[in-house]
Structures are given as C-alpha cells and as structure tokens.
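Here's the structure we're looking at; comments come further down.
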Amino acid sequence: MTFSPFDSPIYGALYGDKEVGALFTDSAEVRALLLVEGVLAKAQGDLGLIPLDSALYIHCASMECQVDPAGLAIGMATDGNPVPALVAAFAKAMEAPEHAKYIHFEVDAQDVIDTALSLRLRQYIRLIEAQIAALSSENLQLSSQMLTAIKPDLLVARTATGKVSSALAIGLKLGIVTPATPNARHAVAKLTFALAAITTALAESGQGAAPTVVATMAQYNARQSNLLQQALLEKTGVGLALERMTLAQVCIATAVALRHAQP
C-alpha cells in the first residue's frame with residue numbers, strides 16, 4: 001500500500017481519480033510555476049521594468065524548458081518553498097545568463113506559488129462543475145453555489161502589485177486582487193469547506209452505485225476541512241504545511257465522491 005489509497009495501485013480504482021490527481025502532481029506544480037514566471041516576466045517587460053528582449057526570452061523559455069521536480073527537493077528543504085530552486089534550475093536550463101537574471105524579478109515566492117495554485121484549481125473546478133451539472137440533487141446544487149461564490153476570491157493572480165498585478169492577471173486569465181480579497185490561506189480554507197459541503201450533500205442524496213464510498217469521502221472531507229479551518233489559527237508556516245498535506249486529498253476525495261454518485 002502507498003502512503004495514500006488515492007494513488008494506490010490496489011485501491012486507486014475505487015478511491016482515486018487520475019484526471020484530478022494529475023493536477024496535483026509535482027510535475028503539474030512545476031509547470032504552473034514556470035507559466036507564472038514566464039507571464040510575469042512578459043508583463044514586466046511590457047511595462048519597462050525589465051528589458052523587453054529578456055522578458056520575451058523568459059516567456060518563451062518558460063513554455064519550453066524542462067525542470068525536474070526531484071531536483072528541487074534540497075532547495076525545498078533548505079528554503080521552505082520550491083521557488084528559489086526552481087528559479088535556479090530554470091535559469092540553468094535557459095543557458096542564457098544575460099536574460100535569466102531577470103527571472104522572478106522583485107516578486108514574493110509565496111505569491112508565485114499561490115498564483116500557480118490558482119491555475120491548477122481553476123482546471124480542477126471546471127472538472128468537478130461538469131460532474132455536478134450531471135446530477136440532479138437539489139441539496140447538491142445548493143452546496144455547489146458555495147463553490148461558485150468563492151471563485152472570485154480563489155482564482156486570482158496574487159503576484160506583484162499595481163499595473164504588474166493587473167497585467168499578470170490578464171495574461172493568466174485570472175482575477176485581480178482587490179482590498180476585499182481574502183489572503184490565499186483563507187481562500188483555500190473556504191474551498192475545502194465548500195467541497196466538504198458538496199460531498200456531504202452527495203452522501204445525503206444516496207445517489208449512485210457506491211453510497212458507502214460517497215459517505216466515506218464525505219466524512220473524510222469534513223474532518224480535513226475542519227483541520228484547515230483550525231490551521232488558520234496557527235502560525236503561517238504551520239498552516240501552510242497543513243494545507244500542503246491536505247488540499248490535494250480533499251480535492252481528489254470530492255471528485256471520487258462525484259464519480260461514484262453518477263447514475
């Protein structure tokens with residue numbers, strides 16, 4: 001057995017979802033981070049903050065260069081986040097130091113991580129909204145409205161400020177952060193609360209051929225969502241670590257419940 005039945009060769013057919021699971025792999029995270037760095041550089045170049053030729057080179061390279069996720073492990077352990085190691089690996093892969101020095105120019109690493117997460121969560125929400133639309137439960141439709149309501153707070157470009165922030169949001173087709181937008185940790189906690197409500201509604205509806213699996217996912221999500229609500233009271237590092245350990249599993253559990261609830 002693996003660390004989680006969600007990706008287990010034995011249990012994965014029952015408790016897993018390959019399409020959703022693919023969004024939460026290390027490779028998917030690295031690809032999203034590179035995309036953010038590339039679009040950010042282009043936005044900064046267009047605004048004259050970095051040389052335009054370097055900006056365009058970085059943007060193009062972000063879509064072509066390959067960065068091995070395993071190569072970021074030591075940097076993650078040292079820095080507490082993978083971005084510094086990613087930037088170093090990306091710069092090396094570019095083989096153009098005159099341009100690479102402008103990667104990640106004057107931005108916060110956690111903002112880049114949160115913006116990249118927004119890109120993956122946008123894909124995830126599209127997938128589960130399609131599954132929800134195929135079901136007729138009134139309680140489920142009411143619960144799914146919570147998901148719709150949090151998207152403006154969740155699917156935003158959190159990197160940089162002012163004109164750069166707006167340009168980045170436009171480039172990534174994400175929302176723009178406003179003074180009323182909650183921070184990323186609160187937005188993710190809201191997401192897990194909405195997903196817990198959705199799986200609870202599924203369990204109560206009794207739809208599908210595997211109600212025990214649906215009920216199991218509902219109980220799992222309720223507990224994990226409560227954990228993340230409590231994590232908001234912890235120090236920033238602790239809450240973020242708990243989010244890393246929990247978010248993907250809640251997202252997959254919801255997709256599993258929706259799949260098993262289909263008629």
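Chain labels A, B, ... are given in the sequence in which chains occur in the structure tokens; within each chain residues are numbered consecutively from 1, and ligands are likewise numbered from 1 in the order shown.
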Non-local contacts of A:Asp114 (8 Å; only C-alpha atoms; under 6 positions in same chain excluded) as a ChimeraX atom specification: /A:157-158,184
Go ahead and write the selection's residues with N, CA and C atoms as a PDB file, in the first residue's frame.
ATOM      1  N   ALA A 157      -4.649  36.287  -9.465  1.00  0.00           N
ATOM      2  CA  ALA A 157      -3.199  36.416  -9.600  1.00  0.00           C
ATOM      3  C   ALA A 157      -2.688  37.200  -8.402  1.00  0.00           C
ATOM      4  N   ARG A 158      -1.971  36.546  -7.538  1.00  0.00           N
ATOM      5  CA  ARG A 158      -1.562  37.177  -6.286  1.00  0.00           C
ATOM      6  C   ARG A 158      -0.167  37.789  -6.351  1.00  0.00           C
ATOM      7  N   ALA A 184      -4.600  34.072   0.600  1.00  0.00           N
ATOM      8  CA  ALA A 184      -4.681  32.772  -0.067  1.00  0.00           C
ATOM      9  C   ALA A 184      -5.062  31.648   0.891  1.00  0.00           C
TER      10      ALA A 184
END
Distance query A:Leu52 at most 9 Å, only C-alpha atoms, self and fewer than 6 positions along chain excluded, as a VMD selection string: chain A and resid 41 to 42 44 to 46
A:Ser225 environment, 12 Å, only C-alpha atoms, sequence neighbours closer than 2 positions dropped, as number ranges by chain: A: 186, 188-200, 217-223, 227-232, 242-243, 245-251, 253-254
Filtered DSSP result for stretch 17-223 of chain A, state strand (DSSP E), as a list in words: Val156, Ala157, Gly175 and Ile176 of chain A
How would the residues just picked look written out with N, CA and C atoms as a tab-separated table (two decimals), in the first residue's frame?
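And here is the file that came out, again.tsv:
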chain	number	residue	atom	x	y	z
A	156	VAL	N	-7.28	34.01	-8.42
A	156	VAL	CA	-6.72	35.34	-8.65
A	156	VAL	C	-5.21	35.26	-8.83
A	157	ALA	N	-4.65	36.29	-9.46
A	157	ALA	CA	-3.20	36.42	-9.60
A	157	ALA	C	-2.69	37.20	-8.40
A	175	GLY	N	-8.44	36.40	-11.91
A	175	GLY	CA	-8.98	37.61	-11.34
A	175	GLY	C	-7.89	38.49	-10.75
A	176	ILE	N	-8.26	39.73	-10.45
A	176	ILE	CA	-7.34	40.72	-9.87
A	176	ILE	C	-7.63	40.85	-8.38
Picked from stretch 161-223 of chain A by DSSP as helix (DSSP H, G or I), as a PyMOL selection string: chain A and resi 162-172+184-205+211-223
Okay, now the selection with N, CA and C atoms, as a compact mmCIF listing (two decimals), in the first residue's frame?
# COMPACT_ATOMS: atom_id res chain seq x y z
N GLY A 162 -0.19 46.71 -8.38
CA GLY A 162 -0.43 47.75 -9.36
C GLY A 162 -0.56 47.24 -10.78
N LYS A 163 0.12 47.92 -11.71
CA LYS A 163 0.00 47.58 -13.12
C LYS A 163 0.52 46.18 -13.43
N VAL A 164 1.56 45.75 -12.71
CA VAL A 164 2.11 44.40 -12.93
C VAL A 164 1.07 43.36 -12.55
N SER A 165 0.42 43.58 -11.43
CA SER A 165 -0.61 42.64 -10.97
C SER A 165 -1.73 42.52 -11.98
N SER A 166 -2.18 43.65 -12.50
CA SER A 166 -3.27 43.64 -13.48
C SER A 166 -2.84 42.95 -14.77
N ALA A 167 -1.62 43.25 -15.22
CA ALA A 167 -1.13 42.63 -16.46
C ALA A 167 -0.95 41.13 -16.29
N LEU A 168 -0.47 40.72 -15.13
CA LEU A 168 -0.30 39.29 -14.86
C LEU A 168 -1.65 38.59 -14.85
N ALA A 169 -2.63 39.19 -14.20
CA ALA A 169 -3.97 38.60 -14.15
C ALA A 169 -4.56 38.45 -15.54
N ILE A 170 -4.39 39.46 -16.37
CA ILE A 170 -4.90 39.40 -17.74
C ILE A 170 -4.17 38.30 -18.53
N GLY A 171 -2.85 38.24 -18.36
CA GLY A 171 -2.08 37.24 -19.08
C GLY A 171 -2.42 35.81 -18.70
N LEU A 172 -2.77 35.61 -17.45
CA LEU A 172 -3.11 34.27 -16.96
C LEU A 172 -4.61 34.00 -16.98
N ALA A 184 -4.60 34.07 0.60
CA ALA A 184 -4.68 32.77 -0.07
C ALA A 184 -5.06 31.65 0.89
N ARG A 185 -4.57 31.70 2.12
CA ARG A 185 -4.86 30.62 3.07
C ARG A 185 -6.36 30.60 3.41
N HIS A 186 -6.95 31.76 3.59
CA HIS A 186 -8.38 31.81 3.87
C HIS A 186 -9.19 31.37 2.66
N ALA A 187 -8.74 31.73 1.46
CA ALA A 187 -9.45 31.34 0.25
C ALA A 187 -9.43 29.82 0.07
N VAL A 188 -8.28 29.20 0.34
CA VAL A 188 -8.19 27.74 0.23
C VAL A 188 -9.05 27.06 1.29
N ALA A 189 -9.07 27.62 2.50
CA ALA A 189 -9.91 27.06 3.55
C ALA A 189 -11.39 27.13 3.15
N LYS A 190 -11.79 28.23 2.51
CA LYS A 190 -13.17 28.34 2.01
C LYS A 190 -13.46 27.27 0.96
N LEU A 191 -12.48 27.01 0.11
CA LEU A 191 -12.65 25.97 -0.91
C LEU A 191 -12.89 24.62 -0.27
N THR A 192 -12.07 24.26 0.70
CA THR A 192 -12.24 22.94 1.32
C THR A 192 -13.57 22.84 2.06
N PHE A 193 -14.03 23.96 2.63
CA PHE A 193 -15.34 23.97 3.29
C PHE A 193 -16.44 23.71 2.27
N ALA A 194 -16.34 24.35 1.10
CA ALA A 194 -17.34 24.15 0.04
C ALA A 194 -17.30 22.71 -0.46
N LEU A 195 -16.12 22.14 -0.62
CA LEU A 195 -16.00 20.76 -1.09
C LEU A 195 -16.56 19.78 -0.07
N ALA A 196 -16.35 20.08 1.21
CA ALA A 196 -16.93 19.25 2.25
C ALA A 196 -18.46 19.30 2.20
N ALA A 197 -19.00 20.49 1.95
CA ALA A 197 -20.46 20.62 1.84
C ALA A 197 -20.99 19.85 0.64
N ILE A 198 -20.25 19.88 -0.45
CA ILE A 198 -20.67 19.15 -1.66
C ILE A 198 -20.69 17.65 -1.40
N THR A 199 -19.64 17.12 -0.79
CA THR A 199 -19.61 15.68 -0.55
C THR A 199 -20.65 15.26 0.50
N THR A 200 -20.92 16.12 1.46
CA THR A 200 -21.98 15.83 2.43
C THR A 200 -23.33 15.75 1.73
N ALA A 201 -23.59 16.69 0.82
CA ALA A 201 -24.85 16.67 0.07
C ALA A 201 -24.95 15.42 -0.79
N LEU A 202 -23.84 14.99 -1.35
CA LEU A 202 -23.84 13.75 -2.15
C LEU A 202 -24.19 12.55 -1.29
N ALA A 203 -23.59 12.49 -0.11
CA ALA A 203 -23.85 11.37 0.79
C ALA A 203 -25.32 11.34 1.22
N GLU A 204 -25.87 12.51 1.49
CA GLU A 204 -27.26 12.59 1.94
C GLU A 204 -28.24 12.24 0.82
N SER A 205 -27.83 12.47 -0.42
CA SER A 205 -28.73 12.17 -1.54
C SER A 205 -28.85 10.68 -1.80
N PRO A 211 -22.79 4.02 -2.50
CA PRO A 211 -23.06 5.02 -1.47
C PRO A 211 -22.08 4.97 -0.29
N THR A 212 -21.51 3.79 -0.02
CA THR A 212 -20.54 3.71 1.08
C THR A 212 -19.29 4.51 0.76
N VAL A 213 -18.83 4.43 -0.47
CA VAL A 213 -17.66 5.21 -0.88
C VAL A 213 -17.96 6.70 -0.78
N VAL A 214 -19.13 7.11 -1.24
CA VAL A 214 -19.51 8.53 -1.18
C VAL A 214 -19.56 9.00 0.26
N ALA A 215 -20.15 8.20 1.13
CA ALA A 215 -20.25 8.56 2.55
C ALA A 215 -18.86 8.65 3.19
N THR A 216 -17.97 7.76 2.79
CA THR A 216 -16.60 7.77 3.30
C THR A 216 -15.89 9.06 2.90
N MET A 217 -16.03 9.45 1.64
CA MET A 217 -15.40 10.69 1.17
C MET A 217 -15.98 11.90 1.89
N ALA A 218 -17.28 11.87 2.17
CA ALA A 218 -17.92 12.99 2.86
C ALA A 218 -17.35 13.14 4.28
N GLN A 219 -17.22 12.02 4.99
CA GLN A 219 -16.68 12.10 6.34
C GLN A 219 -15.21 12.52 6.33
N TYR A 220 -14.47 12.01 5.35
CA TYR A 220 -13.06 12.38 5.23
C TYR A 220 -12.93 13.89 4.99
N ASN A 221 -13.71 14.42 4.06
CA ASN A 221 -13.62 15.84 3.75
C ASN A 221 -14.04 16.73 4.91
N ALA A 222 -15.05 16.29 5.65
CA ALA A 222 -15.50 17.08 6.80
C ALA A 222 -14.37 17.22 7.82
N ARG A 223 -13.66 16.13 8.06
CA ARG A 223 -12.56 16.18 9.03
C ARG A 223 -11.39 17.02 8.52
Selected residue, from A:Gln110, A:Ser62, A:Asn226, A:Ser143, that lies nearest to A:Val36 when counting only C-alpha atoms: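 Nearest candidate to A:Val36 out of A:Gln110, A:Ser62, A:Asn226, A:Ser143: A:Ser62.
Considering the residues A:Ser137, A:Gln123, A:Thr115, A:Gln224 and counting only C-alpha atoms, A:Leu35 has its shortest atom-to-atom contact with A:Thr115.
Among the candidates A:Ile10, A:Val238, A:Leu121, A:Val20, the residue lying nearest to A:Ile252 is A:Val20 (atoms considered: only C-alpha atoms).
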